[in-house]
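Participant: You'll find final_34.json just under this line, and it carries JSON, C-alpha atoms.
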```json
[["chain", "number", "residue", "atom", "x", "y", "z"],
["A", 1, "MET", "CA", 77.82, -56.39, 50.40],
["A", 2, "LYS", "CA", 80.72, -57.43, 48.19],
["A", 3, "ASP", "CA", 81.11, -60.76, 50.03],
["A", 4, "ILE", "CA", 77.43, -61.56, 49.61],
["A", 5, "ILE", "CA", 77.46, -60.66, 45.91],
["A", 6, "LEU", "CA", 80.47, -62.93, 45.33],
["A", 7, "ASP", "CA", 79.13, -65.79, 47.46],
["A", 8, "ASP", "CA", 75.73, -65.74, 45.74],
["A", 9, "ARG", "CA", 77.03, -65.44, 42.17],
["A", 10, "LYS", "CA", 76.48, -69.15, 41.54],
["A", 11, "GLN", "CA", 72.82, -68.58, 42.37],
["A", 12, "TYR", "CA", 72.10, -65.57, 40.17],
["A", 13, "LEU", "CA", 74.64, -65.64, 37.32],
["A", 14, "PRO", "CA", 73.09, -68.59, 35.38],
["A", 15, "SER", "CA", 69.61, -67.03, 35.52],
["A", 16, "LEU", "CA", 70.98, -63.59, 34.69],
["A", 17, "CYS", "CA", 72.89, -64.90, 31.68],
["A", 18, "MET", "CA", 69.81, -66.75, 30.43],
["A", 19, "VAL", "CA", 67.67, -63.62, 30.78],
["A", 20, "VAL", "CA", 70.18, -61.44, 28.90],
["A", 21, "LEU", "CA", 70.68, -63.99, 26.11],
["A", 22, "THR", "CA", 66.91, -64.30, 25.69],
["A", 23, "LEU", "CA", 66.65, -60.52, 25.42],
["A", 24, "ILE", "CA", 69.38, -60.39, 22.78],
["A", 25, "CYS", "CA", 67.72, -63.15, 20.70],
["A", 26, "LEU", "CA", 64.29, -61.50, 20.86],
["A", 27, "ALA", "CA", 65.73, -58.10, 19.98],
["A", 28, "LEU", "CA", 67.66, -59.48, 16.99],
["A", 29, "ILE", "CA", 64.58, -61.29, 15.65],
["A", 30, "TRP", "CA", 62.48, -58.14, 16.14],
["A", 31, "ILE", "CA", 65.07, -56.00, 14.36],
["A", 32, "GLY", "CA", 65.12, -58.51, 11.51],
["A", 33, "GLY", "CA", 61.33, -58.26, 11.25],
["A", 34, "ILE", "CA", 61.55, -54.47, 11.02],
["A", 35, "LEU", "CA", 64.37, -54.47, 8.45],
["A", 36, "PHE", "CA", 62.57, -57.00, 6.26],
["A", 37, "HIS", "CA", 59.25, -55.23, 6.84],
["A", 38, "ASN", "CA", 57.59, -58.37, 8.21],
["A", 39, "SER", "CA", 54.66, -56.90, 10.13],
["A", 40, "ALA", "CA", 53.22, -60.32, 11.06],
["A", 41, "LEU", "CA", 56.46, -61.34, 12.78],
["A", 42, "VAL", "CA", 56.75, -58.02, 14.60],
["A", 43, "SER", "CA", 53.12, -58.19, 15.80],
["A", 44, "THR", "CA", 53.70, -61.69, 17.14],
["A", 45, "LEU", "CA", 56.89, -60.59, 18.90],
["A", 46, "ILE", "CA", 55.15, -57.71, 20.68],
["A", 47, "GLY", "CA", 52.79, -60.14, 22.44],
["A", 48, "LEU", "CA", 55.53, -62.72, 23.00],
["A", 49, "TYR", "CA", 57.88, -60.09, 24.42],
["A", 50, "ALA", "CA", 55.28, -58.98, 26.98],
["A", 51, "ILE", "CA", 54.74, -62.60, 28.11],
["A", 52, "ILE", "CA", 58.49, -63.18, 28.42],
["A", 53, "MET", "CA", 58.85, -60.04, 30.54],
["A", 54, "VAL", "CA", 56.42, -61.57, 33.02],
["A", 55, "LEU", "CA", 58.31, -64.87, 32.94],
["A", 56, "VAL", "CA", 61.59, -63.03, 33.56],
["A", 57, "GLY", "CA", 60.10, -61.53, 36.71],
["A", 58, "VAL", "CA", 59.01, -64.99, 37.85],
["A", 59, "ILE", "CA", 62.48, -66.40, 37.16],
["A", 60, "MET", "CA", 64.25, -63.65, 39.11],
["A", 61, "ILE", "CA", 61.89, -63.95, 42.09],
["A", 62, "SER", "CA", 62.22, -67.75, 42.11],
["A", 63, "MET", "CA", 65.99, -67.37, 41.96],
["A", 64, "ALA", "CA", 65.95, -65.13, 45.04],
["A", 65, "GLY", "CA", 63.79, -67.63, 46.92],
["A", 66, "THR", "CA", 66.07, -70.52, 45.95],
["A", 67, "ALA", "CA", 69.14, -68.60, 47.13],
["A", 68, "PHE", "CA", 67.57, -67.75, 50.47],
["A", 69, "MET", "CA", 66.35, -71.34, 50.94],
["A", 70, "ALA", "CA", 69.92, -72.51, 50.34],
["A", 71, "ASP", "CA", 71.08, -70.16, 53.12],
["A", 72, "MET", "CA", 68.40, -71.49, 55.45],
["A", 73, "ARG", "CA", 69.68, -75.03, 54.92],
["A", 74, "ASN", "CA", 73.32, -74.02, 55.34],
["A", 75, "GLN", "CA", 73.84, -73.28, 59.02],
["A", 76, "GLY", "CA", 77.51, -72.62, 58.38],
["A", 77, "ILE", "CA", 76.77, -69.53, 56.30],
["A", 78, "TRP", "CA", 75.26, -67.73, 59.29],
["A", 79, "LYS", "CA", 78.22, -68.57, 61.49],
["A", 80, "MET", "CA", 80.60, -67.32, 58.80],
["A", 81, "ARG", "CA", 78.73, -64.01, 58.52],
["A", 82, "LYS", "CA", 78.87, -63.55, 62.29],
["A", 83, "ASN", "CA", 82.59, -64.30, 62.32],
["A", 84, "GLN", "CA", 83.04, -61.67, 59.62],
["A", 85, "GLY", "CA", 81.50, -59.14, 62.01],
["A", 86, "LYS", "CA", 78.30, -58.68, 60.01],
["A", 87, "SER", "CA", 74.90, -58.10, 61.59],
["A", 88, "LEU", "CA", 71.88, -60.18, 60.65],
["A", 89, "LEU", "CA", 69.98, -57.04, 59.69],
["A", 90, "GLY", "CA", 72.83, -56.02, 57.40],
["A", 91, "VAL", "CA", 72.93, -59.45, 55.74],
["A", 92, "ILE", "CA", 69.18, -59.45, 55.10],
["A", 93, "GLY", "CA", 69.34, -55.87, 53.87],
["A", 94, "CYS", "CA", 72.20, -56.67, 51.46],
["A", 95, "LYS", "CA", 70.43, -59.72, 50.07],
["A", 96, "THR", "CA", 67.20, -57.79, 49.62],
["A", 97, "THR", "CA", 69.05, -54.98, 47.85],
["A", 98, "LEU", "CA", 70.95, -57.43, 45.63],
["A", 99, "TYR", "CA", 67.98, -59.45, 44.43],
["A", 100, "ALA", "CA", 65.55, -56.52, 44.27],
["A", 101, "GLY", "CA", 68.16, -54.67, 42.22],
["A", 102, "LEU", "CA", 68.57, -57.62, 39.83],
["A", 103, "LEU", "CA", 64.79, -57.91, 39.46],
["A", 104, "PHE", "CA", 64.34, -54.20, 38.81],
["A", 105, "ILE", "CA", 67.31, -53.89, 36.44],
["A", 106, "THR", "CA", 66.35, -56.88, 34.31],
["A", 107, "GLU", "CA", 62.72, -55.78, 34.01],
["A", 108, "MET", "CA", 63.74, -52.21, 33.21],
["A", 109, "LEU", "CA", 66.25, -53.45, 30.65],
["A", 110, "TYR", "CA", 63.53, -55.45, 28.92],
["A", 111, "ALA", "CA", 61.13, -52.50, 29.14],
["A", 112, "LEU", "CA", 63.65, -50.03, 27.68],
["A", 113, "VAL", "CA", 64.59, -52.34, 24.82],
["A", 114, "MET", "CA", 60.92, -52.99, 24.11],
["A", 115, "ALA", "CA", 60.16, -49.25, 24.19],
["A", 116, "GLY", "CA", 62.92, -48.57, 21.68],
["A", 117, "LEU", "CA", 61.81, -51.37, 19.36],
["A", 118, "VAL", "CA", 58.15, -50.36, 19.63],
["A", 119, "PHE", "CA", 59.10, -46.77, 18.76],
["A", 120, "TRP", "CA", 61.06, -48.02, 15.74],
["A", 121, "THR", "CA", 58.16, -50.27, 14.73],
["A", 122, "TYR", "CA", 55.69, -47.41, 15.09],
["A", 123, "HIS", "CA", 57.63, -45.29, 12.60],
["A", 124, "SER", "CA", 58.36, -48.19, 10.24],
["A", 125, "PHE", "CA", 54.87, -49.63, 9.67],
["A", 126, "ASP", "CA", 52.31, -46.99, 8.73],
["A", 127, "GLU", "CA", 49.56, -49.59, 8.59],
["A", 128, "GLU", "CA", 50.17, -50.52, 12.24],
["A", 129, "LYS", "CA", 50.05, -47.01, 13.70],
["A", 130, "GLU", "CA", 46.31, -46.93, 14.33],
["A", 131, "ALA", "CA", 46.32, -50.32, 16.05],
["A", 132, "MET", "CA", 49.32, -49.35, 18.19],
["A", 133, "ASP", "CA", 47.70, -46.02, 19.13],
["A", 134, "GLU", "CA", 44.66, -47.95, 20.37],
["A", 135, "LEU", "CA", 46.91, -50.32, 22.30],
["A", 136, "PHE", "CA", 48.79, -47.45, 23.98],
["A", 137, "ALA", "CA", 45.53, -45.69, 24.86],
["A", 138, "LYS", "CA", 44.08, -48.85, 26.44],
["A", 139, "THR", "CA", 47.29, -49.57, 28.34],
["A", 140, "PHE", "CA", 48.25, -46.09, 29.54],
["A", 141, "GLY", "CA", 45.07, -44.04, 29.08],
["A", 142, "GLU", "CA", 44.05, -41.49, 26.49],
["A", 143, "ASN", "CA", 46.60, -38.89, 27.62],
["A", 144, "TYR", "CA", 49.56, -41.22, 28.06],
["A", 145, "SER", "CA", 53.02, -39.66, 28.26],
["A", 146, "LEU", "CA", 56.43, -40.14, 29.86],
["A", 147, "SER", "CA", 56.69, -36.62, 31.26],
["A", 148, "GLY", "CA", 58.36, -35.68, 34.52],
["A", 149, "LYS", "CA", 55.04, -35.55, 36.37],
["A", 150, "ASN", "CA", 54.86, -39.34, 36.06],
["A", 151, "ALA", "CA", 58.42, -39.93, 37.31],
["A", 152, "VAL", "CA", 56.99, -41.04, 40.68],
["A", 153, "ILE", "CA", 55.91, -44.24, 38.93],
["A", 154, "ILE", "CA", 59.58, -45.30, 38.88],
["A", 155, "LEU", "CA", 59.61, -45.13, 42.69],
["A", 156, "GLU", "CA", 56.62, -47.44, 42.77],
["A", 157, "PHE", "CA", 58.37, -49.91, 40.45],
["A", 158, "VAL", "CA", 61.45, -49.93, 42.70],
["A", 159, "LEU", "CA", 59.33, -50.56, 45.80],
["A", 160, "VAL", "CA", 57.37, -53.28, 44.01],
["A", 161, "ALA", "CA", 60.68, -55.04, 43.30],
["A", 162, "VAL", "CA", 61.78, -54.67, 46.93],
["A", 163, "THR", "CA", 58.42, -55.95, 48.19],
["A", 164, "ALA", "CA", 58.46, -58.91, 45.79],
["A", 165, "ILE", "CA", 61.87, -60.00, 47.15],
["A", 166, "ALA", "CA", 60.94, -59.27, 50.77],
["A", 167, "LEU", "CA", 57.81, -61.38, 50.36],
["A", 168, "VAL", "CA", 59.69, -64.33, 48.87],
["A", 169, "PHE", "CA", 62.21, -64.18, 51.74],
["A", 170, "PHE", "CA", 59.27, -64.05, 54.15],
["A", 171, "ALA", "CA", 57.61, -67.07, 52.50],
["A", 172, "VAL", "CA", 60.83, -69.11, 52.60],
["A", 173, "THR", "CA", 61.52, -68.19, 56.23],
["A", 174, "ILE", "CA", 58.02, -68.89, 57.51],
["A", 175, "VAL", "CA", 57.75, -72.22, 55.71],
["A", 176, "TYR", "CA", 61.27, -73.43, 56.59],
["A", 177, "ASN", "CA", 61.23, -72.34, 60.24],
["A", 178, "GLY", "CA", 57.55, -72.93, 60.94],
["A", 179, "PHE", "CA", 56.23, -75.76, 58.78],
["A", 180, "SER", "CA", 58.68, -77.99, 56.95],
["A", 181, "ARG", "CA", 62.40, -78.39, 56.37],
["A", 182, "GLY", "CA", 62.00, -81.29, 53.96],
["A", 183, "ARG", "CA", 62.64, -81.46, 50.24],
["A", 184, "TYR", "CA", 59.26, -79.94, 49.46],
["A", 185, "ALA", "CA", 59.79, -76.83, 51.57],
["A", 186, "GLY", "CA", 60.55, -74.85, 48.42],
["A", 187, "VAL", "CA", 57.27, -75.92, 46.81],
["A", 188, "LEU", "CA", 55.32, -74.97, 49.93],
["A", 189, "ALA", "CA", 57.07, -71.60, 50.00],
["A", 190, "GLY", "CA", 56.10, -71.06, 46.36],
["A", 191, "VAL", "CA", 52.44, -71.84, 47.06],
["A", 192, "PHE", "CA", 52.50, -69.58, 50.11],
["A", 193, "TYR", "CA", 54.12, -66.79, 48.08],
["A", 194, "VAL", "CA", 51.55, -66.96, 45.29],
["A", 195, "SER", "CA", 48.63, -67.05, 47.73],
["A", 196, "VAL", "CA", 49.80, -64.13, 49.83],
["A", 197, "GLY", "CA", 51.01, -62.20, 46.78],
["A", 198, "TYR", "CA", 47.62, -62.52, 45.10],
["A", 199, "ALA", "CA", 45.87, -61.26, 48.23],
["A", 200, "ILE", "CA", 48.27, -58.32, 48.46],
["A", 201, "ILE", "CA", 47.66, -57.38, 44.82],
["A", 202, "ARG", "CA", 43.89, -57.42, 45.29],
["A", 203, "ILE", "CA", 44.08, -55.35, 48.48],
["A", 204, "THR", "CA", 46.51, -52.85, 46.92],
["A", 205, "LEU", "CA", 44.36, -52.40, 43.83],
["A", 206, "GLY", "CA", 41.33, -51.84, 46.04],
["A", 207, "LEU", "CA", 43.09, -49.25, 48.19],
["A", 208, "THR", "CA", 44.49, -47.31, 45.22],
["A", 209, "SER", "CA", 41.48, -47.56, 42.89],
["A", 210, "LYS", "CA", 39.95, -44.27, 44.10],
["A", 211, "ALA", "CA", 43.09, -42.19, 43.57],
["A", 212, "GLY", "CA", 42.43, -38.91, 41.78],
["A", 213, "SER", "CA", 45.45, -39.08, 39.46],
["A", 214, "GLU", "CA", 48.11, -41.50, 38.27],
["A", 215, "ALA", "CA", 50.73, -39.78, 40.44],
["A", 216, "GLU", "CA", 48.50, -40.06, 43.52],
["A", 217, "ARG", "CA", 47.83, -43.72, 42.77],
["A", 218, "SER", "CA", 51.56, -44.38, 42.47],
["A", 219, "LEU", "CA", 52.29, -42.57, 45.74],
["A", 220, "LYS", "CA", 49.64, -44.60, 47.56],
["A", 221, "GLY", "CA", 50.94, -47.77, 45.99],
["A", 222, "SER", "CA", 54.51, -46.88, 46.97],
["A", 223, "LEU", "CA", 53.48, -46.30, 50.58],
["A", 224, "ILE", "CA", 51.65, -49.63, 50.73],
["A", 225, "MET", "CA", 54.63, -51.45, 49.20],
["A", 226, "ALA", "CA", 57.06, -49.80, 51.64],
["A", 227, "ILE", "CA", 54.95, -50.86, 54.64],
["A", 228, "LEU", "CA", 54.56, -54.44, 53.36],
["A", 229, "ALA", "CA", 58.27, -54.76, 52.66],
["A", 230, "ALA", "CA", 59.14, -53.47, 56.15],
["A", 231, "VAL", "CA", 56.72, -55.93, 57.80],
["A", 232, "CYS", "CA", 58.03, -58.89, 55.76],
["A", 233, "LEU", "CA", 61.69, -58.07, 56.42],
["A", 234, "ALA", "CA", 61.03, -57.55, 60.13],
["A", 235, "ALA", "CA", 59.44, -61.02, 60.28],
["A", 236, "VAL", "CA", 62.38, -62.51, 58.35],
["A", 237, "TRP", "CA", 64.85, -60.87, 60.73],
["A", 238, "TYR", "CA", 63.04, -62.07, 63.86],
["A", 239, "SER", "CA", 62.55, -65.66, 62.69],
["A", 240, "THR", "CA", 66.06, -66.02, 61.26],
["A", 241, "LYS", "CA", 67.63, -64.55, 64.38],
["A", 242, "LYS", "CA", 65.78, -67.04, 66.55],
["A", 243, "HIS", "CA", 66.20, -70.19, 64.45],
["A", 244, "GLN", "CA", 69.46, -69.66, 62.54],
["A", 245, "TRP", "CA", 71.53, -66.71, 63.77],
["A", 246, "ASP", "CA", 71.32, -67.19, 67.55],
["A", 247, "ALA", "CA", 70.97, -70.97, 67.22],
["A", 248, "GLU", "CA", 74.70, -71.10, 66.41],
["A", 249, "GLN", "CA", 75.47, -70.06, 69.97],
["A", 250, "GLN", "CA", 73.47, -73.00, 71.33],
["A", 251, "ILE", "CA", 75.45, -75.65, 69.45]]
```
Starting from the coordinates I provided, produce the structure as structure tokens.

Facilitator:
Amino acid sequence: MKDIILDDRKQYLPSLCMVVLTLICLALIWIGGILFHNSALVSTLIGLYAIIMVLVGVIMISMAGTAFMADMRNQGIWKMRKNQGKSLLGVIGCKTTLYAGLLFITEMLYALVMAGLVFWTYHSFDEEKEAMDELFAKTFGENYSLSGKNAVIILEFVLVAVTAIALVFFAVTIVYNGFSRGRYAGVLAGVFYVSVGYAIIRITLGLTSKAGSEAERSLKGSLIMAILAAVCLAAVWYSTKKHQWDAEQQI
């Protein structure tokens, strides 16, 4: 795991630094809006912050796909891992853990900072409380809370991150080994990822829509994500073993 983290740092460190610096800038501007009691600026930042959180997720997923595509194009990396005594399953597992962890940590960091700033805003602008109460009710339901009974939602978030990375590895592997190894392979993998990801979201929402409670919905969603991640990683392992890992022995 340590070797993979160090070898891939050129792939993820620039994106990670950009994400953290963006968070710091947004937080400082938001804090300034609260201290100077500028409700218009704070209201704008709430919407902007939510959009940037989505963009951060896109950036981290794209970064994982770019890193895995670079490995696909570098036959020497697979030979090096084999010479180090690593298994292909272990390499794929480490990469999935690394990039899923980065995705989850960055999104949670943004969410926690936003939660703290929203809480501060809520108690700093009396005129905004009613509007924010309506927003919370629409987003989380009338009886929203962060009690222990909803802790299972965290498990779902973790598995969503793992599935997102597993799916991007799957898209890169299928496109590179099955369709094209040219310069536009990354673009094709992106289109494939978006198409399959959209279908998965629609199917998952349909399967979990009849859940009796939020906890039950999260458990069902977690199970679906776990199955999808396992299927994607199994396909990645099989295709990579055939076209990259074992291909070294044929040279």

Participant: For A:Ala234, list every protein, DNA or RNA residue within 10 Å, evaluated using only C-alpha atoms, and leave out those in the same chain fewer than 5 positions away; present the list as a PyMOL selection string.

Facilitator: chain A and resi 89+92+166+170+228-229+239-240

Participant: Identify which of the residues A:Leu41, A:Val168, A:Val152, A:Ile203 lies closest to A:Val191, counting only C-alpha atoms when measuring atom-to-atom distances.

Facilitator: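 Among the listed residues, the smallest separation from A:Val191 belongs to A:Val168.
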
Participant: Using all atoms listed in the file, pick whichever of A:Met53, A:Val42, A:Ala185, A:Ile34 has the shortest atom-to-atom distance to A:Val19.

Facilitator: A:Met53

Participant: Please compute the atom CA of A:Val175-atom CA of A:Met69 distance, one decimal, in Å.

Facilitator: 9.9 Å

Participant: What is the atom CA of A:Ala247 to atom CA of A:Ile165 distance in Å?

Facilitator: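 For atom CA of A:Ala247 relative to atom CA of A:Ile165, the distance reads 24.6 Å.
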
Participant: Counting all atoms listed in the file, which of A:Leu102, A:Met72, A:Ala161, A:Leu26 gets nearest to A:Thr44?

Facilitator: A:Leu26

Participant: Would you kindly return, as an mmCIF file with C-alpha atoms, keeping the file's coordinate frame, each protein, DNA or RNA residue with an atom no farther than 12 Å from any atom of A:Tyr49, considering all atoms listed in the file and excluding same-chain residues fewer than 5 positions away?

Facilitator:
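Printed below is part_21.cif as written:
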```
data_model
loop_
_atom_site.group_PDB
_atom_site.id
_atom_site.type_symbol
_atom_site.label_atom_id
_atom_site.label_comp_id
_atom_site.auth_asym_id
_atom_site.auth_seq_id
_atom_site.Cartn_x
_atom_site.Cartn_y
_atom_site.Cartn_z
ATOM 1 C CA THR A 22 66.910 -64.300 25.690
ATOM 2 C CA LEU A 23 66.650 -60.520 25.420
ATOM 3 C CA ILE A 24 69.380 -60.390 22.780
ATOM 4 C CA CYS A 25 67.720 -63.150 20.700
ATOM 5 C CA LEU A 26 64.290 -61.500 20.860
ATOM 6 C CA ALA A 27 65.730 -58.100 19.980
ATOM 7 C CA ILE A 29 64.580 -61.290 15.650
ATOM 8 C CA TRP A 30 62.480 -58.140 16.140
ATOM 9 C CA LEU A 41 56.460 -61.340 12.780
ATOM 10 C CA VAL A 42 56.750 -58.020 14.600
ATOM 11 C CA SER A 43 53.120 -58.190 15.800
ATOM 12 C CA THR A 44 53.700 -61.690 17.140
ATOM 13 C CA VAL A 54 56.420 -61.570 33.020
ATOM 14 C CA LEU A 55 58.310 -64.870 32.940
ATOM 15 C CA VAL A 56 61.590 -63.030 33.560
ATOM 16 C CA GLU A 107 62.720 -55.780 34.010
ATOM 17 C CA TYR A 110 63.530 -55.450 28.920
ATOM 18 C CA ALA A 111 61.130 -52.500 29.140
ATOM 19 C CA VAL A 113 64.590 -52.340 24.820
ATOM 20 C CA MET A 114 60.920 -52.990 24.110
ATOM 21 C CA ALA A 115 60.160 -49.250 24.190
ATOM 22 C CA LEU A 117 61.810 -51.370 19.360
ATOM 23 C CA VAL A 118 58.150 -50.360 19.630
#
```
